[in-house]
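For reference, run00.txt is printed below; it contains compact mmCIF, C-alpha atoms and all ligand atoms.
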# COMPACT_ATOMS: atom_id res chain seq x y z
CA MET A 1 -20.31 101.23 -14.09
CA LEU A 2 -17.99 102.87 -11.56
CA TYR A 3 -15.00 100.97 -10.18
CA LYS A 4 -13.88 101.84 -6.67
CA ILE A 5 -11.76 100.43 -3.89
CA LEU A 6 -12.81 99.97 -0.28
CA LYS A 7 -9.90 99.16 2.02
CA LYS A 8 -10.53 96.26 4.39
CA GLU A 9 -9.99 98.47 7.42
CA ASN A 10 -13.04 100.51 6.29
CA TYR A 11 -15.32 97.57 5.48
CA THR A 12 -16.73 97.05 8.99
CA ASP A 13 -17.60 100.71 9.35
CA PHE A 14 -19.39 100.66 5.97
CA VAL A 15 -21.48 97.57 6.75
CA GLU A 16 -22.31 98.73 10.29
CA LYS A 17 -23.67 101.98 8.88
CA LEU A 18 -25.82 100.08 6.40
CA ILE A 19 -27.16 97.83 9.18
CA SER A 20 -28.09 100.82 11.30
CA GLU A 21 -29.63 102.86 8.43
CA TYR A 22 -31.58 100.20 6.51
CA GLU A 23 -33.64 97.09 6.88
CA PHE A 24 -30.71 94.79 6.17
CA ILE A 25 -31.00 91.18 4.96
CA GLY A 26 -27.85 89.09 4.87
CA PRO A 27 -26.48 85.56 5.26
CA LYS A 28 -26.40 84.08 8.77
CA LYS A 29 -25.11 80.65 9.74
CA LYS A 30 -28.02 78.25 10.30
CA ASP A 31 -26.23 74.97 10.92
CA LYS A 32 -22.97 73.25 9.97
CA VAL A 33 -23.76 73.27 6.26
CA PHE A 34 -26.38 75.89 5.47
CA HIS A 35 -26.80 79.63 5.82
CA ASP A 36 -30.04 81.54 5.56
CA PHE A 37 -30.68 85.11 4.46
CA VAL A 38 -32.42 86.79 7.39
CA PRO A 39 -32.78 90.30 8.86
CA ILE A 40 -29.47 91.29 10.44
CA LYS A 41 -29.38 93.71 13.35
CA ASP A 42 -25.79 93.22 14.47
CA LEU A 43 -22.68 92.83 12.32
CA ARG A 44 -21.65 89.77 14.36
CA GLU A 45 -24.63 87.86 12.95
CA LEU A 46 -23.51 88.42 9.37
CA ASP A 47 -21.41 85.67 7.78
CA THR A 48 -20.70 86.27 4.11
CA ASP A 49 -18.35 83.27 3.85
CA TYR A 50 -21.19 80.92 3.11
CA LYS A 51 -21.33 78.08 0.62
CA LYS A 52 -24.92 76.89 0.69
CA THR A 53 -28.38 78.33 1.17
CA THR A 54 -31.57 76.32 0.60
CA ILE A 55 -33.92 78.96 -0.79
CA ALA A 56 -32.50 81.66 -3.02
CA PRO A 57 -32.63 84.95 -1.08
CA ALA A 58 -34.03 87.11 -3.87
CA LYS A 59 -36.81 84.62 -4.67
CA LYS A 60 -37.80 84.51 -1.01
CA LEU A 61 -37.96 88.31 -0.72
CA LEU A 62 -39.51 89.23 -4.06
CA PHE A 63 -41.76 86.25 -4.68
CA PRO A 64 -42.56 84.84 -1.22
CA PRO A 65 -43.88 81.26 -0.82
CA THR A 66 -47.35 82.64 0.01
CA GLU A 67 -48.61 86.12 -0.68
CA GLU A 68 -51.98 87.85 -0.48
CA LEU A 69 -52.69 89.57 -3.79
CA VAL A 70 -56.12 91.21 -3.26
CA GLU A 71 -58.76 91.56 -0.58
CA TYR A 72 -62.40 91.64 -1.63
CA GLU A 73 -65.82 92.17 -0.17
CA VAL A 74 -68.95 90.88 -1.87
CA GLY A 75 -72.06 93.04 -1.49
CA ASP A 76 -74.30 95.10 -3.76
CA VAL A 77 -71.03 96.11 -5.32
CA ILE A 78 -67.90 94.03 -5.17
CA LYS A 79 -65.06 95.93 -3.53
CA VAL A 80 -61.56 94.81 -4.50
CA LYS A 81 -58.44 96.14 -2.84
CA PRO A 82 -55.02 95.20 -4.25
CA LEU A 83 -52.50 94.28 -1.56
CA VAL A 84 -49.11 95.44 -2.77
CA GLU A 85 -46.50 95.55 -0.05
CA SER A 86 -43.00 96.90 -0.24
CA SER A 87 -40.38 98.63 1.85
CA GLU A 88 -36.80 99.65 1.17
CA LYS A 89 -34.32 96.92 2.07
CA ILE A 90 -30.72 96.02 1.48
CA LEU A 91 -30.02 92.48 0.31
CA PHE A 92 -26.37 92.01 1.17
CA GLY A 93 -23.94 89.24 0.20
CA ILE A 94 -25.97 87.61 -2.60
CA ASP A 95 -23.68 85.95 -5.14
CA ALA A 96 -23.50 86.40 -8.91
CA CYS A 97 -25.37 83.20 -9.69
CA ASP A 98 -28.33 84.19 -7.51
CA ILE A 99 -28.29 87.72 -8.96
CA ASN A 100 -28.61 86.10 -12.38
CA GLY A 101 -31.50 84.00 -11.01
CA MET A 102 -33.15 87.22 -9.85
CA ASN A 103 -32.52 88.80 -13.27
CA PHE A 104 -34.41 85.87 -14.81
CA MET A 105 -37.31 86.46 -12.40
CA ASP A 106 -37.25 90.22 -13.23
CA TRP A 107 -37.57 89.27 -16.84
CA ILE A 108 -40.34 86.68 -16.27
CA PHE A 109 -42.44 89.05 -14.20
CA SER A 110 -42.14 91.87 -16.74
CA THR A 111 -42.13 90.26 -20.19
CA GLU A 112 -45.66 89.09 -20.86
CA PHE A 113 -47.24 91.00 -17.98
CA ILE A 114 -46.05 93.34 -15.23
CA ASP A 115 -46.41 91.70 -11.83
CA GLU A 116 -46.93 94.68 -9.55
CA ASN A 117 -46.52 92.63 -6.36
CA TYR A 118 -43.09 91.51 -7.52
CA PHE A 119 -41.94 94.86 -8.87
CA ALA A 120 -43.12 96.93 -5.91
CA LYS A 121 -40.61 94.92 -3.87
CA ARG A 122 -37.94 94.76 -6.56
CA ARG A 123 -37.88 98.54 -7.07
CA LYS A 124 -37.14 99.04 -3.38
CA LEU A 125 -34.54 96.32 -3.07
CA ILE A 126 -30.97 97.55 -2.90
CA VAL A 127 -28.75 94.67 -3.98
CA ILE A 128 -25.17 94.48 -2.73
CA GLY A 129 -23.58 91.38 -4.20
CA LYS A 130 -20.43 89.57 -3.19
CA ASP A 131 -18.46 86.73 -4.72
CA ARG A 132 -18.46 83.41 -2.92
CA GLU A 133 -16.71 80.10 -3.36
CA PRO A 134 -18.76 77.69 -5.48
CA SER A 135 -20.18 74.65 -3.69
CA GLU A 136 -19.45 71.18 -5.08
CA THR A 137 -22.89 71.06 -6.77
CA CYS A 138 -22.65 74.47 -8.41
CA PHE A 139 -22.13 74.50 -12.17
CA ALA A 140 -22.87 78.18 -12.76
CA LEU A 141 -19.74 78.58 -14.88
CA SER A 142 -21.09 76.14 -17.50
CA MET A 143 -24.35 78.10 -17.55
CA GLY A 144 -22.56 81.45 -17.96
CA ALA A 145 -24.03 82.63 -14.64
CA GLU A 146 -20.93 82.84 -12.44
CA TYR A 147 -20.54 86.55 -13.18
CA ALA A 148 -23.24 89.21 -12.81
CA LYS A 149 -23.03 92.12 -15.17
CA ASP A 150 -26.24 93.76 -13.97
CA GLY A 151 -29.09 93.33 -11.50
CA PHE A 152 -27.14 94.76 -8.54
CA ASP A 153 -26.41 98.21 -7.13
CA ILE A 154 -22.97 97.41 -5.77
CA PHE A 155 -20.89 94.25 -6.18
CA LEU A 156 -17.97 93.54 -3.86
CA THR A 157 -15.04 91.36 -4.80
CA GLU A 158 -12.66 90.61 -1.98
CA LEU A 159 -8.99 91.05 -2.92
CA GLU A 160 -6.15 90.52 -0.47
CA ASP A 161 -6.32 93.77 1.50
CA ARG A 162 -9.24 95.55 -0.14
CA TYR A 163 -12.59 95.16 -1.87
CA PHE A 164 -12.97 95.89 -5.56
CA LEU A 165 -16.36 97.57 -5.95
CA ARG A 166 -18.43 97.61 -9.11
CA ILE A 167 -21.10 100.28 -8.69
CA ALA A 168 -23.88 99.82 -11.24
CA THR A 169 -26.61 102.28 -10.24
CA SER A 170 -27.09 105.80 -8.95
CA LYS A 171 -28.45 104.28 -5.72
CA GLY A 172 -25.24 102.29 -5.31
CA ASN A 173 -23.25 105.45 -5.93
CA GLU A 174 -25.32 107.40 -3.40
CA ILE A 175 -24.80 104.71 -0.74
CA THR A 176 -21.05 104.42 -1.21
CA GLU A 177 -20.61 108.22 -1.32
CA LYS A 178 -22.56 108.55 1.91
CA PHE A 179 -21.38 105.56 3.94
CA ALA A 180 -18.08 104.25 2.59
CA ARG A 181 -14.55 105.60 2.46
CA ILE A 182 -13.71 104.66 -1.10
CA GLN A 183 -11.21 105.63 -3.76
CA ASP A 184 -10.93 105.16 -7.50
CA ALA A 185 -9.64 101.79 -8.69
CA THR A 186 -6.15 101.98 -10.22
CA ASP A 187 -4.55 99.90 -12.98
CA SER A 188 -3.04 97.56 -10.42
CA ASP A 189 -6.47 97.06 -8.76
CA PHE A 190 -7.90 96.06 -12.14
CA ARG A 191 -5.01 93.64 -12.68
CA ASP A 192 -5.59 92.04 -9.26
CA TYR A 193 -9.34 91.84 -9.92
CA ASP A 194 -8.70 90.16 -13.25
CA LYS A 195 -6.44 87.60 -11.58
CA PHE A 196 -9.03 87.01 -8.85
CA MET A 197 -11.69 86.30 -11.48
CA ASP A 198 -9.45 83.80 -13.27
CA ASP A 199 -8.78 81.98 -9.96
CA TYR A 200 -12.45 82.14 -9.00
CA ARG A 201 -13.56 80.59 -12.31
CA SER A 202 -11.03 77.79 -11.90
CA LYS A 203 -12.84 76.75 -8.68
CA PHE A 204 -15.96 75.58 -10.53
CA LYS A 205 -15.24 71.88 -10.79
CA LEU A 206 -18.68 70.60 -11.79
CA LYS A 207 -19.34 70.91 -15.52
CA ILE A 208 -22.56 70.32 -17.42
CA ASN A 209 -22.31 69.44 -21.09
CA ILE A 210 -24.93 71.91 -22.25
CA ASP A 211 -23.52 72.46 -25.77
CA ASN A 212 -26.03 71.13 -28.30
CA PHE A 213 -28.48 70.07 -25.56
CA TYR A 214 -31.08 72.18 -27.33
CA ASP A 215 -30.95 69.77 -30.29
CA ASP A 216 -29.91 66.62 -28.41
CA PHE A 217 -33.00 66.86 -26.22
CA GLU A 218 -35.21 66.11 -29.23
CA PHE A 219 -33.23 62.94 -29.85
CA ILE A 220 -34.03 61.67 -26.36
CA TYR A 221 -37.53 63.18 -26.05
CA SER A 222 -39.53 60.12 -27.12
CA ASN A 223 -37.19 57.52 -25.62
CA GLU A 224 -39.54 56.19 -22.91
CA LYS A 225 -36.96 53.80 -21.47
CA TYR A 226 -34.53 56.65 -20.93
CA TRP A 227 -37.09 58.76 -19.01
CA GLU A 228 -38.34 55.78 -16.99
CA GLU A 229 -34.79 55.12 -15.85
CA ALA A 230 -34.01 58.80 -15.18
CA SER A 231 -37.13 59.31 -13.06
CA LYS A 232 -37.52 55.88 -11.46
CA ASN A 233 -36.57 57.10 -7.95
CA CYS A 234 -38.48 60.38 -8.08
CA TYR A 235 -40.89 60.88 -5.15
CA SER A 236 -42.77 63.68 -6.95
CA CYS A 237 -42.12 65.83 -3.89
CA GLY A 238 -41.50 69.11 -5.75
CA SER A 239 -38.47 70.13 -3.67
CA CYS A 240 -36.38 70.72 -6.81
CA ASN A 241 -38.85 73.41 -7.89
CA LEU A 242 -39.19 75.06 -4.51
CA VAL A 243 -35.46 75.60 -4.05
CA CYS A 244 -34.87 76.77 -7.62
CA PRO A 245 -34.10 80.50 -8.00
CA THR A 246 -35.74 80.58 -11.45
CA CYS A 247 -38.89 78.48 -10.86
CA PHE A 248 -41.76 80.90 -10.89
CA CYS A 249 -44.98 78.83 -11.19
CA PHE A 250 -47.68 79.69 -8.71
CA ASN A 251 -51.28 78.88 -7.90
CA VAL A 252 -53.90 81.46 -6.97
CA LYS A 253 -56.46 80.42 -4.37
CA ASP A 254 -59.47 82.05 -2.79
CA ASP A 255 -59.52 82.25 0.96
CA MET A 256 -63.10 83.14 1.89
CA GLN A 257 -64.27 83.88 5.42
CA LEU A 258 -67.22 81.92 6.85
CA ASN A 259 -69.57 84.87 6.25
CA LEU A 260 -68.97 84.28 2.51
CA LYS A 261 -68.63 88.03 2.05
CA VAL A 262 -65.03 88.86 2.73
CA GLY A 263 -62.06 87.04 1.32
CA ASN A 264 -58.74 87.34 -0.35
CA LYS A 265 -56.88 85.90 -3.28
CA MET A 266 -53.63 84.35 -2.28
CA ARG A 267 -50.82 83.00 -4.40
CA GLU A 268 -48.50 80.21 -3.40
CA TRP A 269 -45.57 78.50 -5.08
CA ASP A 270 -46.51 75.57 -7.26
CA SER A 271 -44.42 72.69 -8.59
CA CYS A 272 -44.50 71.04 -12.01
CA MET A 273 -43.10 67.87 -10.41
CA ILE A 274 -46.16 67.04 -8.34
CA PRO A 275 -49.00 64.98 -9.88
CA GLU A 276 -51.68 67.66 -9.29
CA TYR A 277 -49.88 70.22 -11.44
CA GLY A 278 -51.28 68.87 -14.70
CA LEU A 279 -54.71 68.00 -13.29
CA VAL A 280 -57.60 69.97 -14.75
CA ALA A 281 -61.35 70.18 -14.15
CA GLY A 282 -63.04 66.97 -15.27
CA GLY A 283 -60.19 64.86 -13.89
CA HIS A 284 -57.85 64.76 -16.88
CA ASN A 285 -54.17 64.96 -16.04
CA PHE A 286 -51.87 66.26 -18.77
CA ARG A 287 -48.77 64.95 -16.98
CA PRO A 288 -49.82 61.92 -15.00
CA THR A 289 -46.43 60.18 -14.80
CA LYS A 290 -43.19 61.16 -13.12
CA GLU A 291 -41.29 60.35 -16.35
CA ASN A 292 -43.35 62.92 -18.15
CA ARG A 293 -42.93 65.52 -15.42
CA LEU A 294 -39.15 65.17 -15.20
CA LYS A 295 -38.87 65.40 -18.97
CA GLN A 296 -41.00 68.53 -18.94
CA ARG A 297 -38.92 70.09 -16.16
CA TYR A 298 -35.72 69.69 -18.15
CA ARG A 299 -37.44 70.93 -21.27
CA CYS A 300 -38.67 74.03 -19.45
CA LYS A 301 -35.29 74.76 -17.89
CA LEU A 302 -33.05 74.10 -20.84
CA LYS A 303 -35.08 74.35 -24.02
CA THR A 304 -38.45 76.14 -23.81
CA PHE A 305 -37.00 79.47 -22.76
CA VAL A 306 -34.16 79.13 -25.22
CA ASP A 307 -36.79 78.53 -27.89
CA LYS A 308 -38.93 81.48 -26.87
CA TYR A 309 -36.44 84.03 -25.62
CA GLY A 310 -32.90 82.72 -26.04
CA LYS A 311 -32.34 82.15 -22.29
CA TYR A 312 -31.85 79.11 -20.08
CA ALA A 313 -34.14 78.94 -17.05
CA CYS A 314 -31.27 77.52 -15.02
CA VAL A 315 -28.31 79.37 -13.53
CA GLY A 316 -26.52 76.24 -12.34
CA CYS A 317 -26.79 76.97 -8.61
CA GLY A 318 -27.02 73.23 -7.82
CA ARG A 319 -29.79 73.60 -5.22
CA CYS A 320 -32.02 71.03 -6.93
CA ILE A 321 -29.19 68.50 -6.70
CA GLU A 322 -28.79 69.21 -2.97
CA ALA A 323 -32.53 69.09 -2.29
CA CYS A 324 -33.37 65.86 -4.09
CA LEU A 325 -33.64 62.91 -1.70
CA ALA A 326 -33.84 60.57 -4.69
CA LYS A 327 -30.47 61.87 -5.91
CA ILE A 328 -31.82 62.95 -9.27
CA ASN A 329 -29.13 65.16 -10.67
CA ILE A 330 -29.65 67.60 -13.53
CA VAL A 331 -25.94 67.62 -14.40
CA GLU A 332 -25.70 63.81 -14.61
CA ASP A 333 -28.92 63.65 -16.63
CA VAL A 334 -27.88 66.29 -19.14
CA ASN A 335 -24.44 64.74 -19.48
CA SER A 336 -26.05 61.33 -19.99
CA VAL A 337 -28.17 62.73 -22.84
CA LYS A 338 -24.90 63.67 -24.53
CA LYS A 339 -23.61 60.12 -24.03
CA GLU A 340 -26.82 58.60 -25.46
CA VAL A 341 -26.55 60.77 -28.54
CA SER A 342 -22.90 59.97 -29.10
CA ALA A 343 -23.26 56.21 -28.37
S1 LIG A 401 -36.58 65.10 -8.82
FE1 LIG A 401 -36.12 64.84 -6.63
S2 LIG A 401 -36.67 66.78 -5.65
FE2 LIG A 401 -37.64 66.74 -7.69
S3 LIG A 401 -39.69 65.89 -7.34
FE3 LIG A 401 -38.38 64.13 -7.85
S4 LIG A 401 -37.66 63.40 -5.85
FE4 LIG A 401 -38.48 65.45 -5.48
S1 LIG A 402 -32.59 73.91 -12.16
FE1 LIG A 402 -31.38 73.38 -10.34
S2 LIG A 402 -29.32 74.12 -10.81
FE2 LIG A 402 -30.70 75.11 -12.27
S3 LIG A 402 -31.20 77.08 -11.29
FE3 LIG A 402 -32.80 75.61 -10.70
S4 LIG A 402 -32.10 74.76 -8.73
FE4 LIG A 402 -30.34 75.79 -9.67
Here is the file; what I need is its structure written in the form of structure tokens.
Amino acid sequence: MLYKILKKENYTDFVEKLISEYEFIGPKKKDKVFHDFVPIKDLRELDTDYKKTTIAPAKKLLFPPTEELVEYEVGDVIKVKPLVESSEKILFGIDACDINGMNFMDWIFSTEFIDENYFAKRRKLIVIGKDREPSETCFALSMGAEYAKDGFDIFLTELEDRYFLRIATSKGNEITEKFARIQDATDSDFRDYDKFMDDYRSKFKLKINIDNFYDDFEFIYSNEKYWEEASKNCYSCGSCNLVCPTCFCFNVKDDMQLNLKVGNKMREWDSCMIPEYGLVAGGHNFRPTKENRLKQRYRCKLKTFVDKYGKYACVGCGRCIEACLAKINIVEDVNSVKKEVSA
């Protein structure tokens, strides 16, 4: 890791050069509350002082909602052509929590198999992170995801009159050497950065009581009344999955042309909260009730991956809390498990 300083007077010049040299994706104001990560052509469109985005930017870019995987033609021989698309891009202004969400996806798509469609895009994505104020639903601090130690090329932390840069890759070094007027960070820069991080962490007000949840979950697992109450307002809409930066389930479908010769295989995001998710051929549904699906979602997020690989599948971004019209709240539910156990 290299530690450098970019003075504020040189920031605009740096970002303008990146916008003109690269396909540049950054946060743009969408309405009063939300921002969206979109292609930016002019610095005036970029607004890094955002609090909320609906869909995590890295998930949208690396694992799009729908994606063609292969094209095929059926004849005497079956011709199959993989469709793997990628181009170099900068993803600018993504925060630490979403970088950690992307790190989880990197790990998912490379641990039990290598997903070429994902990694073709990931290898060409230049990630320039930036700290941002936590929203009122963000509990990333409790999940240990408020700080990114890897997964980015450059990470900018805004101090009073300068940016403290952490440069994690040779690509990040190449970009800053070429486009930014930077200098080495001094002892006093490190001291100011340290103070900034203390202040930043103190802004996370929402806390989830995740300690011992791994064991406590078993206590509550078979308590039907508890799950009926927790899920009673659920519409089974799946929004909590779609907005989640670490939800990775997908369906693969065939899209065949009318000539029944040419078609493609397409993947699209799936959701474990919708009734069809557990439906199999023959009509049996492994998770027919919303109680069962909510229970499974929490188990997947907070226990299964801890069991298998020692990681939570939740970075505490709070998007599922924002997206749920039924006001089902992962923080309240986890904290209520703690209360049930201690009652
Ligand atoms: S928990 Fe909320 S967002 Fe998720 S499926 Fe139920 S109603 Fe939809
Ligand atoms: S489960 Fe909710 S809080 Fe956790 S990462 Fe997914 S959307 Fe964010």
Nearest-residue call for Lys295 of chain A, choices A:Tyr312, A:Tyr226, A:Tyr235, A:Phe248, using only C-alpha atoms: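 Under the stated criterion, the closest residue is A:Tyr226.
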Within 8 Å of ligand LIG 402 (chain A), which residues of chain A come that close, and what is the closest atom pair and distance in Å for each? Count all atoms listed in the file and give it as a Markdown table.
| residue | atom | partner | partner_atom | distance |
| --- | --- | --- | --- | --- |
| A:Gly101 | CA | A:LIG402 | S3 | 6.9 |
| A:Cys138 | CA | A:LIG402 | S2 | 7.1 |
| A:Phe139 | CA | A:LIG402 | S2 | 7.3 |
| A:Ala140 | CA | A:LIG402 | S2 | 7.9 |
| A:Cys240 | CA | A:LIG402 | S4 | 6.2 |
| A:Asn241 | CA | A:LIG402 | S4 | 6.9 |
| A:Val243 | CA | A:LIG402 | S4 | 5.8 |
| A:Cys244 | CA | A:LIG402 | S4 | 3.6 |
| A:Pro245 | CA | A:LIG402 | S3 | 5.6 |
| A:Thr246 | CA | A:LIG402 | S3 | 5.7 |
| A:Cys247 | CA | A:LIG402 | FE3 | 6.7 |
| A:Tyr298 | CA | A:LIG402 | S1 | 8.0 |
| A:Lys301 | CA | A:LIG402 | S1 | 6.4 |
| A:Ala313 | CA | A:LIG402 | S3 | 6.7 |
| A:Cys314 | CA | A:LIG402 | FE2 | 3.7 |
| A:Val315 | CA | A:LIG402 | S3 | 4.3 |
| A:Gly316 | CA | A:LIG402 | S2 | 3.8 |
| A:Cys317 | CA | A:LIG402 | FE4 | 3.9 |
| A:Gly318 | CA | A:LIG402 | S2 | 3.9 |
| A:Arg319 | CA | A:LIG402 | S4 | 4.4 |
| A:Cys320 | CA | A:LIG402 | S4 | 4.1 |
| A:Ile321 | CA | A:LIG402 | FE1 | 6.5 |
| A:Ile330 | CA | A:LIG402 | FE1 | 6.8 |
Exercise: residues within 9 Å of coordinate (-12.6, 98.4, 4.8), counting all atoms listed in the file, as a ChimeraX atom specification: /A:5-14,161-163,180-182
Emit the selected residues as a PDB file, keeping the file's coordinate frame, including C-alpha atoms.
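That gives us again.pdb:
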ATOM      1  CA  ILE A   5     -11.760 100.430  -3.890  1.00  0.00           C
ATOM      2  CA  LEU A   6     -12.810  99.970  -0.280  1.00  0.00           C
ATOM      3  CA  LYS A   7      -9.900  99.160   2.020  1.00  0.00           C
ATOM      4  CA  LYS A   8     -10.530  96.260   4.390  1.00  0.00           C
ATOM      5  CA  GLU A   9      -9.990  98.470   7.420  1.00  0.00           C
ATOM      6  CA  ASN A  10     -13.040 100.510   6.290  1.00  0.00           C
ATOM      7  CA  TYR A  11     -15.320  97.570   5.480  1.00  0.00           C
ATOM      8  CA  THR A  12     -16.730  97.050   8.990  1.00  0.00           C
ATOM      9  CA  ASP A  13     -17.600 100.710   9.350  1.00  0.00           C
ATOM     10  CA  PHE A  14     -19.390 100.660   5.970  1.00  0.00           C
ATOM     11  CA  ASP A 161      -6.320  93.770   1.500  1.00  0.00           C
ATOM     12  CA  ARG A 162      -9.240  95.550  -0.140  1.00  0.00           C
ATOM     13  CA  TYR A 163     -12.590  95.160  -1.870  1.00  0.00           C
ATOM     14  CA  ALA A 180     -18.080 104.250   2.590  1.00  0.00           C
ATOM     15  CA  ARG A 181     -14.550 105.600   2.460  1.00  0.00           C
ATOM     16  CA  ILE A 182     -13.710 104.660  -1.100  1.00  0.00           C
TER      17      ILE A 182
END
What gap, in Å, lies between atom CA of Glu340 of chain A and atom CA of Gly144 of chain A?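 Those two atoms sit 24.4 Å apart.
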From (-35.0, 59.0, -7.3), in the file's coordinates, out to 7 Å: which residues are reached, counting all atoms listed in the file? Answer as a ChimeraX atom specification. /A:231-235,325-328
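Minimum atom-to-atom distances from A:Asp47, A:Glu228, A:Glu85, A:Glu177 to Lys130 of chain A were compared using all atoms listed in the file, and the lowest value belongs to A:Asp47.
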Would you mind listing what lies within 12 Å of Met102 of chain A as a VMD selection string, with all atoms listed in the file counted and same-chain residues fewer than 2 positions away left out? chain A and resid 56 to 63 91 94 to 100 104 to 109 118 to 119 122 125 127 129 145 148 150 to 152 244 to 248 313 to 315
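Closest to Asp307 of chain A among A:Asn209, A:Asp215, A:Thr289, A:Val262 is A:Asp215, based on all atoms listed in the file.
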Work out where the centre of an axis-aligned box around every listed atom of segment 172-180 of chain A lies and how long its edges are once 6 Å is added on each side; give both in Å to one decimal as lines of an AutoDock Vina configuration file.
center_x = -21.7
center_y = 105.4
center_z = -1.0
size_x = 19.2
size_y = 18.3
size_z = 21.9
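From atom CA of Lys149 of chain A back to atom CA of His35 of chain A, the distance works out to 24.7 Å.
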Atom pair atom CA of Leu83 of chain A / atom CA of Ser110 of chain A: separation (Å):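 Spanning atom CA of Leu83 of chain A to atom CA of Ser110 of chain A is a straight-line distance of 18.5 Å.
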If we count only C-alpha atoms and set the cut-off at 8 Å, which residues sit around segment 1-3 of chain A, ignoring sequence neighbours fewer than 2 positions away in its own chain? Please answer as a tab-separated table (two decimals) with C-alpha atoms, in the frame of the given file.
chain	number	residue	atom	x	y	z
A	5	ILE	CA	-11.76	100.43	-3.89
A	164	PHE	CA	-12.97	95.89	-5.56
A	165	LEU	CA	-16.36	97.57	-5.95
A	166	ARG	CA	-18.43	97.61	-9.11
A	167	ILE	CA	-21.10	100.28	-8.69
A	168	ALA	CA	-23.88	99.82	-11.24
A	169	THR	CA	-26.61	102.28	-10.24
A	184	ASP	CA	-10.93	105.16	-7.50
A	185	ALA	CA	-9.64	101.79	-8.69
